[in-house]
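Engineer: Pasting in a structure now, in structure tokens, and then I'll have a few things to ask.
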Amino acid sequence: MVQKSRRAVVFTGAGVSTECGIPDFRSAGGFWTKYKPIEFREFLASADTRLEAWRRFLMIRETIGNASPGPGHRAISELVARGHVSHVITQNIDGLHEQAGVPAERIIEIHGNGTYATCLSCGLRHEIDWVKAAIAQANAAPSCVSCEGIVKSATISFGQPMPDQQMADARAATFNADLFLAIGSSLQVFPAAGFPVTAKQNRTPLVIINREPTGLDGLADLVINAEIGPVLTAVIGRL
Ligand code: NAD
């Protein structure tokens with residue numbers, strides 16, 4: 001299927017980065033199972049909640065900041081370079097697809113990017129190191145240096161509106177796809193998990209690669225319940 005494809009879309013979730021030491025969202029025992037996610041409206045409503053959200057973010061960032069692309073990222077980058085994959089739609093915020101060599105214009109980050117922060121009022125970019133230093137100094141979540149608006153990591157929280165441009169780009173890539181590969185996602189977070197459904201409605205073959213079953217397995221043309229790195233490395237070896 002991959003060999004024949006020229007406009008495949010790869011859709012990734014946290015599972016593609018577990019091989020790099022970044023815990024996924026739902027597997028037992030990880031960081032994410034210890035803390036209930038902070039909803040966007042809670043973040044907006046309280047300065048104390050913002051400080052707590054930043055503390056958690058800075059902890060996660062320690063792990064993400066030290067991670068390098070794994071075999072799954074490298075294989076996906078190879079599929080793009082060889083002309084089989086047109087776009088990588090990712091739910092991940094770790095920037096590892098780009099680090100693995102996928103050109104930025106081919107990556108659609110529908111849940112944002114955790115390598116910087118923005119002001120929610122004026123959009124000004126703030127660096128995470130600046131946020132870290134500001135919190136250490138004032139023991140409070142920082143405000144925008146330009147307009148004093150609320151500064152938030154450039155990621156999409158639960159309850160936060162999805163980014164219009166990225167959603168439009170992801171829809172266009174999905175409609176144009178000749179194969180849709182959903183890799184390392186439990187396919188439970190919507191609207192993101194709607195993209196494999198849209199692909200299937202558009203009669204595009206759907207392949208799911210995940211170590212455990214997902215809610216959309218019944219829709220798929222092929223389900224591979226195995227480890228991402230070895231599976232994708234084997235695919236590359238057969239092209
Ligand atoms: P999820 O945790 O709900 O699902 C990940 C799936 O990947 C699980 O079903 C798990 O069994 C599978 N998996 C994990 N490692 C695997 C491996 N090596 N091989 C095969 N399968 C493997 O993640 P999701 O569906 O992406 O949704 C979680 C949300 O949390 C997303 O919105 C994402 O943005 C965010 N998140 C991002 C990161 C990151 O940027 N790396 C990490 C955690 C969570």
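Letters A, B, ... mark the chains of the structure tokens in the order given; residue numbers begin at 1 per chain; ligand numbers begin at 1, in order shown.
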Kindly provide, as a ChimeraX atom specification, all nucleotide and amino acid residues lying within 8 Å of ligand 1, counting only C-alpha atoms and all ligand atoms.
Structural biologist: /A:12-19,22-27,32,64,90-95,111-112,114,156,183-189,192-193,209-214,225-229
Engineer: Just N, CA and C atoms for this one: save the residues we selected as a short mmCIF file (atom, residue, chain, number, x, y, z; two decimals), in the first residue's frame.
Structural biologist:
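Listing of selection_36.cif after writing:
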```
data_model
loop_
_atom_site.label_atom_id
_atom_site.label_comp_id
_atom_site.auth_asym_id
_atom_site.auth_seq_id
_atom_site.Cartn_x
_atom_site.Cartn_y
_atom_site.Cartn_z
N THR A 12 -0.06 11.18 13.32
CA THR A 12 0.61 10.59 14.49
C THR A 12 0.05 11.09 15.81
N GLY A 13 0.19 10.22 16.82
CA GLY A 13 -0.14 10.58 18.20
C GLY A 13 1.05 10.31 19.09
N ALA A 14 0.81 10.41 20.37
CA ALA A 14 1.89 10.33 21.36
C ALA A 14 2.69 9.03 21.26
N GLY A 15 2.09 7.96 20.71
CA GLY A 15 2.76 6.66 20.62
C GLY A 15 4.02 6.67 19.78
N VAL A 16 4.12 7.61 18.82
CA VAL A 16 5.33 7.63 17.98
C VAL A 16 6.53 8.16 18.76
N SER A 17 6.26 8.83 19.88
CA SER A 17 7.36 9.43 20.65
C SER A 17 7.71 8.66 21.92
N THR A 18 6.98 7.58 22.23
CA THR A 18 7.32 6.84 23.46
C THR A 18 8.69 6.17 23.31
N GLU A 19 9.05 5.84 22.07
CA GLU A 19 10.38 5.22 21.84
C GLU A 19 11.50 6.23 22.11
N ILE A 22 9.37 9.87 25.77
CA ILE A 22 8.29 10.80 26.15
C ILE A 22 7.03 9.95 26.42
N PRO A 23 6.52 9.96 27.65
CA PRO A 23 5.36 9.12 27.94
C PRO A 23 4.15 9.53 27.11
N ASP A 24 3.32 8.56 26.74
CA ASP A 24 2.10 8.92 26.03
C ASP A 24 1.04 9.36 27.03
N PHE A 25 -0.15 9.57 26.54
CA PHE A 25 -1.17 10.21 27.37
C PHE A 25 -1.87 9.21 28.28
N ARG A 26 -2.25 8.07 27.70
CA ARG A 26 -3.16 7.19 28.42
C ARG A 26 -2.52 5.96 29.04
N SER A 27 -1.32 5.59 28.61
CA SER A 27 -0.72 4.37 29.18
C SER A 27 -0.53 4.56 30.68
N TRP A 32 1.01 11.83 32.66
CA TRP A 32 -0.31 12.34 32.28
C TRP A 32 -1.44 11.68 33.06
N ILE A 64 10.76 16.46 27.17
CA ILE A 64 10.68 16.70 25.72
C ILE A 64 11.96 17.35 25.21
N THR A 90 0.14 15.88 12.92
CA THR A 90 0.51 15.34 14.23
C THR A 90 -0.27 16.00 15.36
N GLN A 91 -0.59 15.16 16.34
CA GLN A 91 -1.19 15.67 17.58
C GLN A 91 -0.09 16.03 18.57
N ASN A 92 1.14 15.65 18.25
CA ASN A 92 2.24 15.84 19.20
C ASN A 92 2.73 17.29 19.21
N ILE A 93 3.27 17.66 20.33
CA ILE A 93 3.73 19.03 20.52
C ILE A 93 5.25 19.07 20.69
N ASP A 94 5.90 17.92 20.42
CA ASP A 94 7.33 17.80 20.76
C ASP A 94 8.29 18.23 19.66
N GLY A 95 7.79 18.52 18.47
CA GLY A 95 8.65 19.00 17.39
C GLY A 95 9.58 17.93 16.80
N HIS A 111 -2.32 20.29 17.40
CA HIS A 111 -2.41 20.62 18.83
C HIS A 111 -1.31 21.59 19.26
N GLY A 112 -0.74 22.28 18.27
CA GLY A 112 0.24 23.32 18.58
C GLY A 112 1.65 22.78 18.77
N GLY A 114 5.05 22.87 21.57
CA GLY A 114 5.44 23.13 22.95
C GLY A 114 6.82 23.75 23.11
N ILE A 156 -2.41 23.43 22.28
CA ILE A 156 -3.87 23.53 22.40
C ILE A 156 -4.32 22.69 23.61
N ILE A 183 -0.95 6.45 13.19
CA ILE A 183 0.17 5.77 13.87
C ILE A 183 0.32 6.26 15.32
N GLY A 184 0.21 5.36 16.27
CA GLY A 184 0.50 5.70 17.67
C GLY A 184 -0.49 6.65 18.30
N SER A 185 -1.76 6.45 17.99
CA SER A 185 -2.80 7.28 18.62
C SER A 185 -3.93 6.38 19.07
N SER A 186 -4.43 6.65 20.28
CA SER A 186 -5.59 5.88 20.77
C SER A 186 -6.85 6.29 20.01
N LEU A 187 -6.77 7.35 19.22
CA LEU A 187 -7.89 7.85 18.39
C LEU A 187 -9.13 8.13 19.25
N GLN A 188 -8.86 8.70 20.42
CA GLN A 188 -9.97 9.05 21.32
C GLN A 188 -10.15 10.55 21.46
N VAL A 189 -9.12 11.34 21.05
CA VAL A 189 -9.19 12.78 21.22
C VAL A 189 -9.78 13.41 19.95
N ALA A 192 -9.41 15.74 16.51
CA ALA A 192 -8.26 15.17 15.80
C ALA A 192 -8.60 13.80 15.19
N ALA A 193 -9.22 12.94 16.01
CA ALA A 193 -9.48 11.57 15.55
C ALA A 193 -10.55 11.53 14.45
N ILE A 209 -1.69 1.72 12.90
CA ILE A 209 -0.57 1.03 13.55
C ILE A 209 -0.53 1.49 15.00
N ASN A 210 -0.79 0.58 15.91
CA ASN A 210 -0.84 0.92 17.34
C ASN A 210 -0.68 -0.35 18.14
N ARG A 211 0.00 -0.26 19.28
CA ARG A 211 0.25 -1.52 20.01
C ARG A 211 -1.01 -2.11 20.64
N GLU A 212 -2.04 -1.28 20.81
CA GLU A 212 -3.29 -1.81 21.37
C GLU A 212 -4.45 -1.39 20.48
N PRO A 213 -5.60 -2.04 20.62
CA PRO A 213 -6.74 -1.69 19.78
C PRO A 213 -7.16 -0.23 19.97
N THR A 214 -7.76 0.36 18.94
CA THR A 214 -8.31 1.71 19.03
C THR A 214 -9.81 1.64 18.71
N ASN A 225 -1.25 -4.30 15.20
CA ASN A 225 -1.03 -4.11 16.64
C ASN A 225 0.39 -4.52 16.98
N ALA A 226 1.31 -3.58 16.84
CA ALA A 226 2.72 -3.88 17.10
C ALA A 226 3.45 -2.58 17.39
N GLU A 227 4.76 -2.69 17.65
CA GLU A 227 5.58 -1.51 17.98
C GLU A 227 5.87 -0.70 16.70
N ILE A 228 5.77 0.62 16.82
CA ILE A 228 5.86 1.50 15.66
C ILE A 228 7.23 1.45 14.97
N GLY A 229 8.30 1.58 15.76
CA GLY A 229 9.65 1.65 15.16
C GLY A 229 9.94 0.43 14.29
#
```
Engineer: Might you pull out every residue within 12 Å of Ala138 (chain A), with only C-alpha atoms counted and same-chain residues fewer than 6 positions away left off, and present them as a ChimeraX atom specification?
Structural biologist: /A:51,131-132
Engineer: Output all heavy atoms for every residue in that selection, as a PDB file, in the first residue's frame.
Structural biologist:
```
ATOM      1  N   LEU A  51      -0.288  29.358  37.057  1.00  0.00           N
ATOM      2  CA  LEU A  51       1.023  29.020  37.622  1.00  0.00           C
ATOM      3  C   LEU A  51       1.186  27.502  37.707  1.00  0.00           C
ATOM      4  O   LEU A  51       2.223  26.955  37.336  1.00  0.00           O
ATOM      5  CB  LEU A  51       1.176  29.664  39.012  1.00  0.00           C
ATOM      6  CG  LEU A  51       2.509  29.406  39.717  1.00  0.00           C
ATOM      7  CD1 LEU A  51       3.697  29.899  38.886  1.00  0.00           C
ATOM      8  CD2 LEU A  51       2.535  30.086  41.098  1.00  0.00           C
ATOM      9  N   VAL A 131       9.933  32.471  30.206  1.00  0.00           N
ATOM     10  CA  VAL A 131       8.814  32.164  31.118  1.00  0.00           C
ATOM     11  C   VAL A 131       9.362  31.533  32.399  1.00  0.00           C
ATOM     12  O   VAL A 131       8.985  31.916  33.517  1.00  0.00           O
ATOM     13  CB  VAL A 131       7.803  31.191  30.455  1.00  0.00           C
ATOM     14  CG1 VAL A 131       6.744  30.728  31.445  1.00  0.00           C
ATOM     15  CG2 VAL A 131       7.140  31.835  29.233  1.00  0.00           C
ATOM     16  N   LYS A 132      10.274  30.580  32.219  1.00  0.00           N
ATOM     17  CA  LYS A 132      10.850  29.862  33.371  1.00  0.00           C
ATOM     18  C   LYS A 132      11.526  30.848  34.329  1.00  0.00           C
ATOM     19  O   LYS A 132      11.317  30.801  35.550  1.00  0.00           O
ATOM     20  CB  LYS A 132      11.856  28.836  32.847  1.00  0.00           C
ATOM     21  CG  LYS A 132      12.297  27.825  33.852  1.00  0.00           C
ATOM     22  CD  LYS A 132      13.203  26.799  33.188  1.00  0.00           C
ATOM     23  CE  LYS A 132      13.807  25.894  34.248  1.00  0.00           C
ATOM     24  NZ  LYS A 132      14.715  24.916  33.679  1.00  0.00           N
TER      25      LYS A 132
END
```
Engineer: Return as a VMD selection string the full set of residues in region 16-205 of chain A whose backbone-based DSSP assignment is helix (DSSP H, G or I).
Structural biologist: chain A and resid 16 to 20 31 to 34 40 to 45 47 to 65 71 to 81 96 to 99 104 to 106 128 to 138 164 to 176 194 to 201
Engineer: Nearest to Arg6 (chain A) among A:Ser143, A:Thr115, A:Asn176, A:Gln160, with distances taken over only C-alpha atoms: which residue is it?
Structural biologist: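 Nearest candidate to Arg6 (chain A) out of A:Ser143, A:Thr115, A:Asn176, A:Gln160: A:Asn176.
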Engineer: Given only C-alpha atoms as the basis, pick out the residue of A:His73, A:Lys34, A:Arg125, A:Arg203 nearest to Ser153 (chain A).
Structural biologist: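 Distance minimum relative to Ser153 (chain A) lands on A:Arg125.
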Engineer: Could you find all residues in region 5-137 of chain A that DSSP calls strand (DSSP E) from the backbone, and write them as a list in words?
Structural biologist: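 In region 5-137 of chain A, DSSP puts these residues in strand (DSSP E): Ala8, Val9, Val10, Phe11, Thr12, Val85, Ser86, His87, Val88, Ile89, Thr90, Ile107, Ile108, Glu109, Gly112, Asn113, Gly114, Thr115, Tyr116, Ala117, Thr118, Cys119, Arg125 and His126 of chain A.
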Engineer: Tell me which protein, DNA and RNA residues are within 10 Å of Phe195 (chain A), counting only C-alpha atoms, leaving out same-chain ones fewer than 6 positions away, and put them as a list in words.
Structural biologist: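 Contacts, with the query itself left out: Phe11, Ile89, Met167, Ala170, Arg171, Ala173, Thr174, Phe175, Phe180, Ala182, Leu187 and Gln201 of chain A.
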Engineer: Counting only C-alpha atoms, which residue out of A:Leu222, A:Val151, A:Ile110, A:Ala199 sits closest to Arg50 (chain A)?
Structural biologist: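 Nearest candidate to Arg50 (chain A) out of A:Leu222, A:Val151, A:Ile110, A:Ala199: A:Val151.
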Engineer: So that I can check the surroundings of Ala104 (chain A), please list as a list in words every protein, DNA and RNA residue that reaches within 12 Å of it, counting only C-alpha atoms and ignoring chain neighbours fewer than 6 positions away.
Structural biologist: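 Once the adjacent positions are removed, what remains is Ser77, Val80, Ser86, His87, Val88, Ile89, Thr90, Gly95, Leu96, His97 and Glu98 of chain A.
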Engineer: What lies within 8 Å of Arg41 (chain A) using only C-alpha atoms, ignoring chain neighbours under 3 positions off, as a ChimeraX atom specification?
Structural biologist: /A:44-45,159-160
Engineer: So how many Å separate CA of Val9 (chain A) and CA of Asp178 (chain A), to one decimal?
Structural biologist: 7.8 Å
Engineer: Check the smallest atom-to-atom distance from each of A:Thr63, A:Trp130, A:Phe158, A:Gly72 to Phe43 (chain A) using only C-alpha atoms, then report the winner.
Structural biologist: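 Of A:Thr63, A:Trp130, A:Phe158, A:Gly72, the one nearest Phe43 (chain A) is A:Phe158, counting only C-alpha atoms.
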Engineer: Please report the interatomic distance between CA of Ala81 (chain A) and CA of Val102 (chain A) in Å with one decimal.
Structural biologist: 7.7 Å
Engineer: Rank A:Val207, A:Val235, A:Cys20, A:Val145 by their smallest atom-to-atom distance to Gly70 (chain A), using only C-alpha atoms, and report the top residue only.
Structural biologist: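 Of the candidates, the smallest distance to Gly70 (chain A) is held by A:Cys20.
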